[in-house]
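Colleague: Pasting run25.csv below, which is CSV, C-alpha atoms.
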chain,number,residue,atom,x,y,z
A,1,MET,CA,10.9,-49.7,-87.3
A,2,GLU,CA,9.8,-53.2,-86.3
A,3,TYR,CA,9.0,-54.0,-82.7
A,4,TYR,CA,9.8,-57.7,-82.9
A,5,ARG,CA,12.8,-59.1,-84.7
A,6,PRO,CA,13.6,-62.7,-84.3
A,7,ASP,CA,17.2,-62.9,-83.0
A,8,ASP,CA,19.1,-64.6,-80.2
A,9,ARG,CA,17.0,-62.9,-77.5
A,10,PHE,CA,14.1,-65.1,-78.6
A,11,ALA,CA,15.9,-68.3,-79.1
A,12,PRO,CA,14.8,-71.4,-77.2
A,13,ASP,CA,18.0,-71.5,-75.1
A,14,THR,CA,17.6,-67.8,-74.1
A,15,ASP,CA,14.0,-68.4,-73.1
A,16,ALA,CA,15.0,-71.5,-71.1
A,17,ALA,CA,17.6,-69.4,-69.3
A,18,ARG,CA,15.0,-66.9,-68.3
A,19,ILE,CA,12.3,-69.4,-67.4
A,20,ALA,CA,14.3,-71.9,-65.4
A,21,PRO,CA,15.1,-69.5,-62.5
A,22,ALA,CA,11.5,-68.5,-62.2
A,23,GLN,CA,10.4,-72.2,-62.1
A,24,ASP,CA,13.1,-72.9,-59.5
A,25,HIS,CA,11.9,-70.0,-57.4
A,26,ALA,CA,8.2,-71.1,-57.7
A,27,ALA,CA,9.2,-74.7,-56.7
A,28,GLU,CA,10.9,-73.4,-53.6
A,29,GLN,CA,7.7,-71.9,-52.2
A,30,LEU,CA,5.8,-73.8,-49.6
A,31,SER,CA,2.4,-73.1,-51.2
A,32,GLY,CA,0.7,-71.1,-53.8
A,33,ALA,CA,-0.3,-68.6,-51.1
A,34,VAL,CA,3.3,-68.1,-50.2
A,35,LEU,CA,4.2,-67.5,-53.9
A,36,ALA,CA,1.3,-65.0,-54.2
A,37,GLU,CA,2.6,-63.2,-51.0
A,38,ASP,CA,6.1,-63.1,-52.5
A,39,PHE,CA,4.7,-61.6,-55.8
A,40,ASN,CA,2.7,-59.1,-53.8
A,41,ALA,CA,5.7,-57.9,-51.9
A,42,ILE,CA,7.8,-57.7,-55.0
A,43,TRP,CA,5.3,-55.6,-57.0
A,44,ARG,CA,4.8,-53.3,-54.0
A,45,GLN,CA,8.6,-52.8,-53.7
A,46,VAL,CA,8.9,-52.0,-57.5
A,47,ASP,CA,6.0,-49.6,-57.2
A,48,ARG,CA,7.5,-47.8,-54.2
A,49,LEU,CA,10.9,-47.5,-56.0
A,50,CYS,CA,9.4,-46.3,-59.2
A,51,ARG,CA,7.0,-43.7,-57.8
A,52,PRO,CA,9.7,-41.0,-57.2
A,53,GLU,CA,10.8,-41.1,-60.8
A,54,PRO,CA,9.6,-38.3,-63.1
A,55,GLU,CA,6.4,-39.0,-65.0
A,56,GLY,CA,7.9,-38.5,-68.4
A,57,ARG,CA,10.8,-40.9,-67.8
A,58,VAL,CA,11.4,-43.4,-70.6
A,59,VAL,CA,12.6,-46.9,-69.7
A,60,ARG,CA,13.9,-49.1,-72.4
A,61,THR,CA,13.9,-52.8,-71.7
A,62,ALA,CA,15.5,-54.1,-74.8
A,63,LYS,CA,19.0,-53.8,-76.2
A,64,LEU,CA,19.2,-51.1,-78.9
A,65,LEU,CA,19.7,-52.4,-82.4
A,66,PRO,CA,22.6,-50.8,-84.3
A,67,HIS,CA,20.3,-48.6,-86.4
A,68,GLN,CA,18.7,-47.2,-83.2
A,69,GLN,CA,21.8,-46.2,-81.4
A,70,GLY,CA,22.2,-42.8,-82.9
A,71,LEU,CA,18.6,-41.7,-82.3
A,72,THR,CA,17.9,-38.9,-79.8
A,73,GLU,CA,15.3,-39.2,-77.1
A,74,GLN,CA,12.8,-37.1,-79.1
A,75,SER,CA,13.1,-39.2,-82.2
A,76,ARG,CA,12.5,-42.6,-80.5
Could you express the structure from this file as structure tokens?

Modeller:
Amino acid sequence: MEYYRPDDRFAPDTDAARIAPAQDHAAEQLSGAVLAEDFNAIWRQVDRLCRPEPEGRVVRTAKLLPHQQGLTEQSR
């Protein structure tokens, strides 16, 4: 199984669609300190929300490819 496969998820238009909102958000901040405070608040919120989850929980962040869809949790 390959980890990286070039497809539409890695196309320049897709990257631009992900990057543009982050750039817009950063540009809206009054200063670098405010941006850092925002980042600090967000990671703390994510940490707080994730802590109650079971230690062995598996989170997949990519769309499954057709050959992966029939796999069981143990075989991934």

Colleague: Between atom CA of Asp15 of chain A and atom CA of Ala27 of chain A, measure the distance and give it in Å to one decimal.

Modeller: 18.2 Å

Colleague: Just give me the gap between atom CA of His25 of chain A and atom CA of Arg44 of chain A in Å, one decimal is fine.

Modeller: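 Answer for the atom CA of His25 of chain A to atom CA of Arg44 of chain A separation: 18.5 Å.
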
Colleague: At what distance in Å, to one decimal, does atom CA of Asp38 of chain A lie from atom CA of Asp13 of chain A?

Modeller: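 Straight-line distance from atom CA of Asp13 of chain A to atom CA of Asp38 of chain A works out to 26.9 Å.
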